[in-house]
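A.B. asks: My questions all concern the structure below.
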Amino acid sequence: MVSTTRRTLVRLRLALLVTTAAVLVTGFATVRGVQSAAETVRDRTAQAVVEVAAAKSALIRADRAAVRSFSSGEVRLAGAGTEYATQTALASQSLTRAAELNEAGDAGSQILRLVEGLLAAYRAAVAQADAHYRQGGGEVVGTADLWDASSQLLRSPDGVLKQLDDLRSVQEQALARQLTTGWLHPATPALWAVPVALLLALLCVTQLYLGKRFQRLLNPQLLAATLLLLGLCASMMFTLVAAHRLATAQDRLTGVLAGWDRRMALTDADGQDKLIRLVTAHCRAGDCGLTVAAAGPAPTSVAGAIPDEATTAAGTRDVNDRLEAAAASNQLPLVVPAVTLAIAVLAGWGLHARLDEYRFRS
(Lines give C-alpha, C1' and ligand atoms only; values in the text may rest on other atoms or scores of the structure.)
Protein backbone atom coordinates (compact mmCIF):
# COMPACT_ATOMS: atom_id res chain seq x y z
CA MET A 1 0.00 0.00 0.00
CA VAL A 2 2.81 2.36 0.88
CA SER A 3 4.68 1.89 -2.40
CA THR A 4 1.48 2.25 -4.45
CA THR A 5 0.59 5.59 -2.87
CA ARG A 6 4.08 6.95 -3.28
CA ARG A 7 4.16 5.81 -6.91
CA THR A 8 0.81 7.52 -7.55
CA LEU A 9 2.06 10.79 -6.05
CA VAL A 10 5.23 10.71 -8.15
CA ARG A 11 3.22 10.02 -11.29
CA LEU A 12 0.81 12.82 -10.52
CA ARG A 13 3.69 15.24 -9.98
CA LEU A 14 5.34 14.20 -13.24
CA ALA A 15 2.04 14.50 -15.13
CA LEU A 16 1.47 17.98 -13.70
CA LEU A 17 4.95 19.15 -14.64
CA VAL A 18 4.75 17.71 -18.17
CA THR A 19 1.30 19.20 -18.77
CA THR A 20 2.45 22.55 -17.38
CA ALA A 21 5.37 22.46 -19.82
CA ALA A 22 2.90 21.78 -22.63
CA VAL A 23 0.81 24.77 -21.53
CA LEU A 24 3.96 26.90 -21.52
CA VAL A 25 5.06 25.85 -25.01
CA THR A 26 1.65 26.01 -26.70
CA GLY A 27 0.53 29.16 -24.88
CA PHE A 28 3.70 31.10 -25.60
CA ALA A 29 3.81 29.94 -29.23
CA THR A 30 0.18 30.89 -29.77
CA VAL A 31 0.53 34.33 -28.19
CA ARG A 32 3.67 35.16 -30.16
CA GLY A 33 2.19 33.71 -33.36
CA VAL A 34 -1.05 35.67 -33.10
CA GLN A 35 0.81 38.84 -32.15
CA SER A 36 3.23 38.45 -35.07
CA ALA A 37 0.38 37.79 -37.51
CA ALA A 38 -1.54 40.81 -36.21
CA GLU A 39 1.54 43.00 -36.59
CA THR A 40 2.03 41.80 -40.16
CA VAL A 41 -1.58 42.63 -41.01
CA ARG A 42 -1.31 46.01 -39.26
CA ASP A 43 2.06 47.08 -40.63
CA ARG A 44 2.09 45.49 -44.09
CA THR A 45 -0.92 43.82 -45.66
CA ALA A 46 -3.68 46.28 -44.76
CA GLN A 47 -1.40 49.20 -45.55
CA ALA A 48 -0.52 47.69 -48.94
CA VAL A 49 -4.23 47.55 -49.82
CA VAL A 50 -4.65 51.20 -48.82
CA GLU A 51 -1.56 52.29 -50.78
CA VAL A 52 -2.83 50.62 -53.96
CA ALA A 53 -6.18 52.37 -53.59
CA ALA A 54 -4.37 55.65 -52.96
CA ALA A 55 -2.28 55.16 -56.12
CA LYS A 56 -5.39 54.61 -58.22
CA SER A 57 -7.12 57.63 -56.70
CA ALA A 58 -4.09 59.83 -57.39
CA LEU A 59 -3.86 58.69 -61.02
CA ILE A 60 -7.53 59.41 -61.65
CA ARG A 61 -7.08 62.87 -60.16
CA ALA A 62 -3.92 63.41 -62.20
CA ASP A 63 -5.65 62.47 -65.44
CA ARG A 64 -8.58 64.79 -64.74
CA ALA A 65 -6.15 67.60 -63.91
CA ALA A 66 -4.31 67.06 -67.21
CA VAL A 67 -7.57 67.15 -69.16
CA ARG A 68 -8.60 70.35 -67.38
CA SER A 69 -5.27 71.93 -68.27
CA PHE A 70 -5.73 71.08 -71.94
CA SER A 71 -9.37 72.17 -71.94
CA SER A 72 -8.66 75.55 -70.33
CA GLY A 73 -5.58 76.26 -72.45
CA GLU A 74 -3.40 76.37 -69.33
CA VAL A 75 -1.26 73.71 -70.99
CA ARG A 76 0.37 76.41 -73.13
CA LEU A 77 1.73 78.10 -70.00
CA ALA A 78 2.18 75.37 -67.39
CA GLY A 79 1.97 72.09 -69.26
CA ALA A 80 -0.28 69.47 -67.72
CA GLY A 81 -0.40 71.52 -64.55
CA THR A 82 0.81 71.48 -60.97
CA GLU A 83 -1.96 69.20 -59.75
CA TYR A 84 -1.13 66.65 -62.44
CA ALA A 85 2.53 66.65 -61.36
CA THR A 86 1.60 66.42 -57.68
CA GLN A 87 -0.88 63.57 -58.14
CA THR A 88 1.40 61.50 -60.40
CA ALA A 89 4.17 61.93 -57.83
CA LEU A 90 1.78 60.76 -55.08
CA ALA A 91 0.82 57.77 -57.22
CA SER A 92 4.48 56.84 -57.66
CA GLN A 93 5.08 57.15 -53.92
CA SER A 94 2.10 54.93 -53.14
CA LEU A 95 3.28 52.32 -55.61
CA THR A 96 6.77 52.37 -54.11
CA ARG A 97 5.25 51.92 -50.67
CA ALA A 98 3.00 49.11 -51.94
CA ALA A 99 6.05 47.35 -53.38
CA GLU A 100 7.78 47.56 -49.99
CA LEU A 101 4.72 46.19 -48.20
CA ASN A 102 3.70 43.61 -50.79
CA GLU A 103 2.37 40.43 -49.15
CA ALA A 104 0.95 38.90 -52.34
CA GLY A 105 4.22 37.26 -53.38
CA ASP A 106 5.29 36.97 -57.00
CA ALA A 107 1.80 37.76 -58.29
CA GLY A 108 1.87 41.15 -56.60
CA SER A 109 5.46 41.84 -57.69
CA GLN A 110 4.69 41.07 -61.33
CA ILE A 111 1.68 43.38 -61.40
CA LEU A 112 3.68 46.12 -59.69
CA ARG A 113 6.39 45.92 -62.34
CA LEU A 114 3.78 46.08 -65.09
CA VAL A 115 2.03 49.06 -63.46
CA GLU A 116 5.31 50.94 -63.10
CA GLY A 117 6.04 50.41 -66.79
CA LEU A 118 2.57 51.49 -67.86
CA LEU A 119 2.69 54.53 -65.59
CA ALA A 120 6.00 55.60 -67.13
CA ALA A 121 4.47 55.18 -70.59
CA TYR A 122 1.41 57.19 -69.56
CA ARG A 123 3.50 60.06 -68.23
CA ALA A 124 5.59 60.05 -71.40
CA ALA A 125 2.43 60.12 -73.54
CA VAL A 126 1.04 63.09 -71.58
CA ALA A 127 4.37 64.89 -71.98
CA GLN A 128 4.22 64.20 -75.73
CA ALA A 129 0.67 65.52 -75.89
CA ASP A 130 1.83 68.62 -74.05
CA ALA A 131 4.70 69.18 -76.49
CA HIS A 132 2.48 68.74 -79.56
CA TYR A 133 -0.29 70.94 -78.18
CA ARG A 134 2.10 73.84 -77.61
CA GLN A 135 3.27 73.81 -81.22
CA GLY A 136 1.49 76.06 -83.64
CA GLY A 137 -1.48 74.19 -85.09
CA GLY A 138 -0.69 71.17 -82.96
CA GLU A 139 -3.89 71.18 -80.92
CA VAL A 140 -5.43 68.28 -82.81
CA VAL A 141 -2.34 66.08 -82.57
CA GLY A 142 -1.85 67.01 -78.91
CA THR A 143 -5.45 66.21 -78.11
CA ALA A 144 -5.17 62.88 -79.93
CA ASP A 145 -2.06 62.04 -77.91
CA LEU A 146 -3.88 62.91 -74.69
CA TRP A 147 -6.80 60.71 -75.76
CA ASP A 148 -4.46 57.79 -76.39
CA ALA A 149 -2.76 58.29 -73.03
CA SER A 150 -6.02 58.57 -71.12
CA SER A 151 -8.22 56.03 -72.90
CA GLN A 152 -5.59 53.43 -73.88
CA LEU A 153 -2.76 53.50 -71.36
CA LEU A 154 -4.91 54.43 -68.38
CA ARG A 155 -8.39 52.96 -68.96
CA SER A 156 -8.08 50.12 -71.46
CA PRO A 157 -8.79 46.55 -70.27
CA ASP A 158 -5.04 46.13 -69.83
CA GLY A 159 -4.38 49.70 -68.70
CA VAL A 160 -3.00 51.10 -65.47
CA LEU A 161 -6.31 51.36 -63.62
CA LYS A 162 -7.29 47.77 -64.41
CA GLN A 163 -3.87 46.55 -63.30
CA LEU A 164 -4.24 48.49 -60.07
CA ASP A 165 -7.60 46.80 -59.51
CA ASP A 166 -5.89 43.43 -60.01
CA LEU A 167 -3.08 44.43 -57.66
CA ARG A 168 -5.52 45.45 -54.96
CA SER A 169 -7.41 42.21 -55.45
CA VAL A 170 -4.33 40.03 -54.84
CA GLN A 171 -3.40 42.13 -51.79
CA GLU A 172 -6.92 41.73 -50.40
CA GLN A 173 -6.71 37.99 -51.05
CA ALA A 174 -3.43 37.91 -49.13
CA LEU A 175 -5.14 39.76 -46.27
CA ALA A 176 -8.07 37.34 -46.22
CA ARG A 177 -5.64 34.40 -46.31
CA GLN A 178 -3.64 35.75 -43.37
CA LEU A 179 -6.81 36.17 -41.30
CA THR A 180 -7.93 32.57 -41.81
CA THR A 181 -4.71 30.53 -41.85
CA GLY A 182 -1.65 29.95 -39.68
CA TRP A 183 -1.90 31.37 -36.18
CA LEU A 184 -5.18 33.09 -37.05
CA HIS A 185 -6.86 29.86 -38.18
CA PRO A 186 -10.18 29.29 -36.35
CA ALA A 187 -8.84 26.03 -34.90
CA THR A 188 -5.73 27.63 -33.37
CA PRO A 189 -7.30 28.22 -29.91
CA ALA A 190 -7.50 24.45 -29.49
CA LEU A 191 -3.69 24.35 -29.52
CA TRP A 192 -3.50 26.00 -26.11
CA ALA A 193 -6.99 25.23 -24.80
CA VAL A 194 -6.49 21.44 -24.80
CA PRO A 195 -3.30 21.50 -22.64
CA VAL A 196 -4.93 24.05 -20.32
CA ALA A 197 -8.00 21.83 -19.94
CA LEU A 198 -5.81 18.79 -19.26
CA LEU A 199 -3.79 20.65 -16.64
CA LEU A 200 -6.95 21.94 -14.99
CA ALA A 201 -8.36 18.41 -14.88
CA LEU A 202 -5.10 17.06 -13.44
CA LEU A 203 -5.06 19.72 -10.74
CA CYS A 204 -8.63 18.88 -9.77
CA VAL A 205 -7.96 15.12 -9.77
CA THR A 206 -4.81 15.59 -7.72
CA GLN A 207 -6.66 17.80 -5.25
CA LEU A 208 -9.38 15.19 -4.86
CA TYR A 209 -6.86 12.37 -4.49
CA LEU A 210 -4.91 14.19 -1.81
CA GLY A 211 -8.08 15.10 0.01
CA LYS A 212 -9.23 11.49 0.02
CA ARG A 213 -5.87 9.94 0.80
CA PHE A 214 -4.67 12.39 3.44
CA GLN A 215 -8.04 13.50 4.82
CA ARG A 216 -7.44 17.18 4.01
CA LEU A 217 -10.04 19.31 2.33
CA LEU A 218 -7.73 21.48 0.22
CA ASN A 219 -4.08 21.72 -0.75
CA PRO A 220 -3.21 25.46 -0.65
CA GLN A 221 -0.45 25.19 -3.23
CA LEU A 222 -2.58 23.28 -5.71
CA LEU A 223 -5.45 25.69 -5.11
CA ALA A 224 -3.17 28.64 -5.87
CA ALA A 225 -1.90 26.86 -9.00
CA THR A 226 -5.48 26.28 -10.14
CA LEU A 227 -6.37 29.94 -9.66
CA LEU A 228 -3.28 30.99 -11.59
CA LEU A 229 -4.22 28.63 -14.40
CA LEU A 230 -7.71 30.10 -14.59
CA GLY A 231 -6.17 33.57 -14.74
CA LEU A 232 -3.82 32.42 -17.52
CA CYS A 233 -6.77 31.01 -19.42
CA ALA A 234 -8.53 34.37 -19.19
CA SER A 235 -5.38 36.12 -20.45
CA MET A 236 -5.11 33.72 -23.37
CA MET A 237 -8.53 34.86 -24.48
CA PHE A 238 -6.65 37.83 -25.90
CA THR A 239 -5.80 35.67 -28.91
CA LEU A 240 -9.52 35.29 -29.65
CA VAL A 241 -10.11 39.00 -29.08
CA ALA A 242 -7.23 39.86 -31.41
CA ALA A 243 -8.61 37.65 -34.16
CA HIS A 244 -12.04 39.26 -33.75
CA ARG A 245 -10.56 42.76 -33.89
CA LEU A 246 -8.66 41.90 -37.06
CA ALA A 247 -11.85 40.58 -38.65
CA THR A 248 -13.78 43.73 -37.75
CA ALA A 249 -10.90 45.87 -39.05
CA GLN A 250 -11.07 43.97 -42.34
CA ASP A 251 -14.82 44.59 -42.58
CA ARG A 252 -14.31 48.27 -41.78
CA LEU A 253 -11.56 48.52 -44.38
CA THR A 254 -13.84 46.96 -46.98
CA GLY A 255 -16.49 49.57 -46.24
CA VAL A 256 -14.01 52.45 -46.37
CA LEU A 257 -12.62 51.26 -49.70
CA ALA A 258 -16.09 50.81 -51.15
CA GLY A 259 -16.88 54.45 -50.41
CA TRP A 260 -13.51 55.50 -51.75
CA ASP A 261 -14.19 53.53 -54.94
CA ARG A 262 -17.46 55.40 -55.45
CA ARG A 263 -15.71 58.74 -55.08
CA MET A 264 -12.98 57.62 -57.50
CA ALA A 265 -15.63 56.51 -59.99
CA LEU A 266 -17.30 59.91 -59.83
CA THR A 267 -13.98 61.71 -60.29
CA ASP A 268 -13.10 59.42 -63.17
CA ALA A 269 -16.47 60.05 -64.81
CA ASP A 270 -15.91 63.80 -64.59
CA GLY A 271 -12.49 63.44 -66.17
CA GLN A 272 -13.79 61.25 -69.00
CA ASP A 273 -16.62 63.66 -69.71
CA LYS A 274 -14.20 66.56 -70.00
CA LEU A 275 -11.89 64.51 -72.21
CA ILE A 276 -14.74 63.57 -74.55
CA ARG A 277 -15.76 67.22 -74.78
CA LEU A 278 -12.16 68.22 -75.51
CA VAL A 279 -11.72 65.63 -78.24
CA THR A 280 -15.10 66.43 -79.78
CA ALA A 281 -14.22 70.13 -79.87
CA HIS A 282 -11.05 69.42 -81.88
CA CYS A 283 -12.56 66.91 -84.29
CA ARG A 284 -12.76 68.04 -87.88
CA ALA A 285 -15.63 66.94 -90.06
CA GLY A 286 -16.42 64.12 -87.67
CA ASP A 287 -13.01 62.50 -88.09
CA CYS A 288 -12.91 61.19 -84.51
CA GLY A 289 -16.57 60.48 -84.06
CA LEU A 290 -16.07 56.71 -84.14
CA THR A 291 -13.22 56.95 -81.66
CA VAL A 292 -15.27 58.86 -79.13
CA ALA A 293 -18.35 56.71 -79.74
CA ALA A 294 -16.33 53.56 -79.09
CA ALA A 295 -15.43 54.85 -75.64
CA GLY A 296 -19.09 55.26 -74.78
CA PRO A 297 -20.61 58.07 -72.74
CA ALA A 298 -19.08 58.87 -69.40
CA PRO A 299 -21.28 57.80 -66.47
CA THR A 300 -23.19 60.68 -64.92
CA SER A 301 -23.80 59.21 -61.46
CA VAL A 302 -22.55 56.55 -59.09
CA ALA A 303 -24.78 54.35 -56.95
CA GLY A 304 -24.38 54.71 -53.21
CA ALA A 305 -23.26 57.47 -50.86
CA ILE A 306 -20.14 59.37 -51.88
CA PRO A 307 -17.95 60.06 -48.83
CA ASP A 308 -15.74 63.12 -48.84
CA GLU A 309 -11.99 62.95 -48.26
CA ALA A 310 -12.33 63.72 -44.56
CA THR A 311 -14.74 60.82 -44.09
CA THR A 312 -12.43 58.44 -45.93
CA ALA A 313 -9.45 59.63 -43.88
CA ALA A 314 -11.42 59.16 -40.64
CA GLY A 315 -12.43 55.67 -41.74
CA THR A 316 -8.82 54.79 -42.51
CA ARG A 317 -7.73 56.02 -39.07
CA ASP A 318 -10.45 53.90 -37.49
CA VAL A 319 -9.15 50.83 -39.34
CA ASN A 320 -5.62 51.57 -38.12
CA ASP A 321 -6.86 51.98 -34.54
CA ARG A 322 -8.58 48.59 -34.71
CA LEU A 323 -5.45 46.97 -36.10
CA GLU A 324 -3.34 48.62 -33.42
CA ALA A 325 -5.64 47.27 -30.71
CA ALA A 326 -5.46 43.78 -32.22
CA ALA A 327 -1.66 43.77 -32.00
CA ALA A 328 -1.44 45.37 -28.54
CA SER A 329 -0.25 42.42 -26.44
CA ASN A 330 3.29 43.45 -25.57
CA GLN A 331 3.18 42.07 -22.01
CA LEU A 332 1.36 38.80 -22.64
CA PRO A 333 4.40 36.92 -24.04
CA LEU A 334 6.05 37.63 -20.68
CA VAL A 335 2.99 36.71 -18.62
CA VAL A 336 2.63 33.19 -20.05
CA PRO A 337 6.06 31.85 -19.03
CA ALA A 338 5.94 33.65 -15.68
CA VAL A 339 2.55 32.20 -14.77
CA THR A 340 3.30 28.68 -16.00
CA LEU A 341 6.58 28.67 -14.05
CA ALA A 342 4.68 29.69 -10.93
CA ILE A 343 2.14 26.90 -11.56
CA ALA A 344 4.94 24.34 -11.92
CA VAL A 345 6.57 25.50 -8.68
CA LEU A 346 3.29 25.45 -6.77
CA ALA A 347 2.27 22.04 -8.11
CA GLY A 348 5.64 20.54 -7.29
CA TRP A 349 5.64 22.18 -3.89
CA GLY A 350 2.16 20.95 -3.03
CA LEU A 351 2.96 17.35 -3.88
CA HIS A 352 6.40 17.49 -2.32
CA ALA A 353 4.82 18.44 0.97
CA ARG A 354 2.52 15.40 0.78
CA LEU A 355 5.41 13.12 -0.19
CA ASP A 356 7.34 14.32 2.84
CA GLU A 357 4.32 13.79 5.03
CA TYR A 358 3.81 10.31 3.65
CA ARG A 359 7.45 9.36 4.12
CA PHE A 360 7.18 10.57 7.69
CA ARG A 361 4.10 8.43 8.27
CA SER A 362 5.73 5.41 6.67
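Following the order of the C-alpha coordinates, chains are lettered A, B, ..., residues in each are numbered from 1, and ligands are numbered from 1.
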Which residues are near range 56-60 of chain A? Cut-off 8 Å, only C-alpha atoms, ignore same chain within fewer than 5 positions. Put them as a count of residues only.
C.D. replies: 10
A.B. asks: Determine, counting only C-alpha atoms, which protein, DNA and RNA residues have an atom within 8 Å of an atom of Ala174 in chain A; residues of the same chain fewer than 4 positions away are not included. Present the result as a ChimeraX atom specification.
C.D. replies: /A:45,103-104,170,178
A.B. asks: Choose the residue, out of A:Ala305, A:Val41, A:Leu175, A:Ala53, that has the smallest atom-to-atom separation from Arg322 in chain A; count only C-alpha atoms.
C.D. replies: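 Smallest separation from Arg322 in chain A among the options: A:Val41.
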A.B. asks: May I have the residues within 12 Å of Ala89 in chain A as a list in words, using only C-alpha atoms and disregarding those fewer than 4 positions away in the same chain?
C.D. replies: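 Result of the neighbour search: Ala54, Ala55, Ala58, Leu59, Arg61, Ala62, Thr82, Glu83, Tyr84, Ala85, Gln93, Ser94, Leu95, Thr96, Leu119, Ala120 and Arg123 of chain A.
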A.B. asks: Show which residues sit within 12 Å of Gly159 in chain A, as a VMD selection string. Count only C-alpha atoms, and ignore same-chain residues fewer than 2 positions away.
C.D. replies: chain A and resid 56 59 111 114 to 119 121 to 122 148 to 157 161 to 166
A.B. asks: For Ala342 in chain A, find every residue with an atom within 12 Å (counting only C-alpha atoms), except residues of its own chain fewer than 5 positions away, and show them as an mmCIF file with N, CA and C atoms, in the first residue's frame.
C.D. replies:
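New file out_3.cif:
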```cif
data_model
loop_
_atom_site.group_PDB
_atom_site.id
_atom_site.type_symbol
_atom_site.label_atom_id
_atom_site.label_comp_id
_atom_site.auth_asym_id
_atom_site.auth_seq_id
_atom_site.Cartn_x
_atom_site.Cartn_y
_atom_site.Cartn_z
ATOM 1 N N LEU A 17 3.833 18.393 -14.101
ATOM 2 C CA LEU A 17 4.955 19.145 -14.643
ATOM 3 C C LEU A 17 5.007 19.059 -16.170
ATOM 4 N N THR A 20 2.137 21.123 -17.538
ATOM 5 C CA THR A 20 2.449 22.545 -17.381
ATOM 6 C C THR A 20 3.439 23.000 -18.461
ATOM 7 N N ALA A 21 4.419 22.140 -18.751
ATOM 8 C CA ALA A 21 5.370 22.461 -19.825
ATOM 9 C C ALA A 21 4.651 22.582 -21.165
ATOM 10 N N LEU A 24 2.970 25.852 -21.278
ATOM 11 C CA LEU A 24 3.961 26.901 -21.522
ATOM 12 C C LEU A 24 4.303 26.995 -23.011
ATOM 13 N N GLN A 221 -1.297 24.973 -2.068
ATOM 14 C CA GLN A 221 -0.446 25.186 -3.234
ATOM 15 C C GLN A 221 -1.159 24.813 -4.534
ATOM 16 N N LEU A 222 -1.844 23.693 -4.518
ATOM 17 C CA LEU A 222 -2.579 23.285 -5.711
ATOM 18 C C LEU A 222 -3.751 24.221 -5.989
ATOM 19 N N ALA A 224 -3.769 27.439 -5.287
ATOM 20 C CA ALA A 224 -3.167 28.638 -5.875
ATOM 21 C C ALA A 224 -2.790 28.387 -7.335
ATOM 22 N N ALA A 225 -2.257 27.198 -7.628
ATOM 23 C CA ALA A 225 -1.899 26.855 -9.002
ATOM 24 C C ALA A 225 -3.132 26.836 -9.901
ATOM 25 N N THR A 226 -4.239 26.330 -9.361
ATOM 26 C CA THR A 226 -5.478 26.281 -10.136
ATOM 27 C C THR A 226 -5.990 27.682 -10.442
ATOM 28 N N LEU A 227 -5.935 28.554 -9.441
ATOM 29 C CA LEU A 227 -6.373 29.936 -9.658
ATOM 30 C C LEU A 227 -5.487 30.649 -10.680
ATOM 31 N N LEU A 228 -4.191 30.398 -10.606
ATOM 32 C CA LEU A 228 -3.279 30.988 -11.593
ATOM 33 C C LEU A 228 -3.588 30.471 -12.994
ATOM 34 N N LEU A 229 -3.903 29.207 -13.089
ATOM 35 C CA LEU A 229 -4.217 28.627 -14.396
ATOM 36 C C LEU A 229 -5.485 29.244 -14.974
ATOM 37 N N LEU A 232 -4.545 32.556 -16.256
ATOM 38 C CA LEU A 232 -3.817 32.423 -17.520
ATOM 39 C C LEU A 232 -4.782 32.154 -18.667
ATOM 40 N N VAL A 335 3.895 37.230 -19.641
ATOM 41 C CA VAL A 335 2.993 36.705 -18.624
ATOM 42 C C VAL A 335 2.905 35.184 -18.690
ATOM 43 N N VAL A 336 2.819 34.639 -19.902
ATOM 44 C CA VAL A 336 2.627 33.194 -20.053
ATOM 45 C C VAL A 336 3.746 32.397 -19.388
ATOM 46 N N PRO A 337 5.028 32.636 -19.692
ATOM 47 C CA PRO A 337 6.063 31.848 -19.029
ATOM 48 C C PRO A 337 6.137 32.102 -17.519
ATOM 49 N N ALA A 347 2.693 23.442 -8.008
ATOM 50 C CA ALA A 347 2.272 22.041 -8.112
ATOM 51 C C ALA A 347 3.319 21.116 -7.518
ATOM 52 N N GLY A 348 4.578 21.382 -7.852
ATOM 53 C CA GLY A 348 5.644 20.544 -7.292
ATOM 54 C C GLY A 348 5.749 20.692 -5.788
ATOM 55 N N TRP A 349 5.572 21.913 -5.323
ATOM 56 C CA TRP A 349 5.639 22.176 -3.885
ATOM 57 C C TRP A 349 4.515 21.469 -3.141
#
```
A.B. asks: Return the single residue from A:Leu217, A:Val75, A:Val18, A:Val34 that is closest to Thr180 in chain A, with distances computed using only C-alpha atoms.
C.D. replies: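 Result for the nearest residue to Thr180 in chain A: A:Val34.
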A.B. asks: For each of A:Ala38, A:Leu112, A:Thr8, A:Ser169, take the minimum atom-to-atom distance to His244 in chain A, counting only C-alpha atoms, then give the residue where this is smallest.
C.D. replies: A:Ala38
A.B. asks: Measuring atom to atom with only C-alpha atoms, identify which of A:Val160, A:Leu346, A:Val279, A:Leu198 is nearest to Val67 in chain A.
C.D. replies: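 Under the stated criterion, the closest residue is A:Val279.
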A.B. asks: Between A:Val50, A:Gln135, A:Thr4, A:Ala144, single out the one closest to Ala313 in chain A, counting only C-alpha atoms.
C.D. replies: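 Using only C-alpha atoms, the shortest distance to Ala313 in chain A belongs to A:Val50.
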A.B. asks: So that each row is one residue of range 2-37 of chain A with an atom at most 9 Å from range 189-196 of chain A, can you give its shortest atom pair and the distance in Å to one decimal, using only C-alpha atoms, rows by chain and rising number, as JSON lines?
C.D. replies:
```
{"residue": "A:Thr19", "atom": "CA", "partner": "A:Pro195", "partner_atom": "CA", "distance": 6.4}
{"residue": "A:Thr20", "atom": "CA", "partner": "A:Pro195", "partner_atom": "CA", "distance": 7.9}
{"residue": "A:Ala22", "atom": "CA", "partner": "A:Pro195", "partner_atom": "CA", "distance": 6.2}
{"residue": "A:Val23", "atom": "CA", "partner": "A:Pro195", "partner_atom": "CA", "distance": 5.4}
{"residue": "A:Leu24", "atom": "CA", "partner": "A:Trp192", "partner_atom": "CA", "distance": 8.8}
{"residue": "A:Val25", "atom": "CA", "partner": "A:Trp192", "partner_atom": "CA", "distance": 8.6}
{"residue": "A:Thr26", "atom": "CA", "partner": "A:Trp192", "partner_atom": "CA", "distance": 5.2}
{"residue": "A:Gly27", "atom": "CA", "partner": "A:Trp192", "partner_atom": "CA", "distance": 5.3}
{"residue": "A:Phe28", "atom": "CA", "partner": "A:Trp192", "partner_atom": "CA", "distance": 8.8}
{"residue": "A:Ala29", "atom": "CA", "partner": "A:Trp192", "partner_atom": "CA", "distance": 8.9}
{"residue": "A:Thr30", "atom": "CA", "partner": "A:Trp192", "partner_atom": "CA", "distance": 7.1}
```
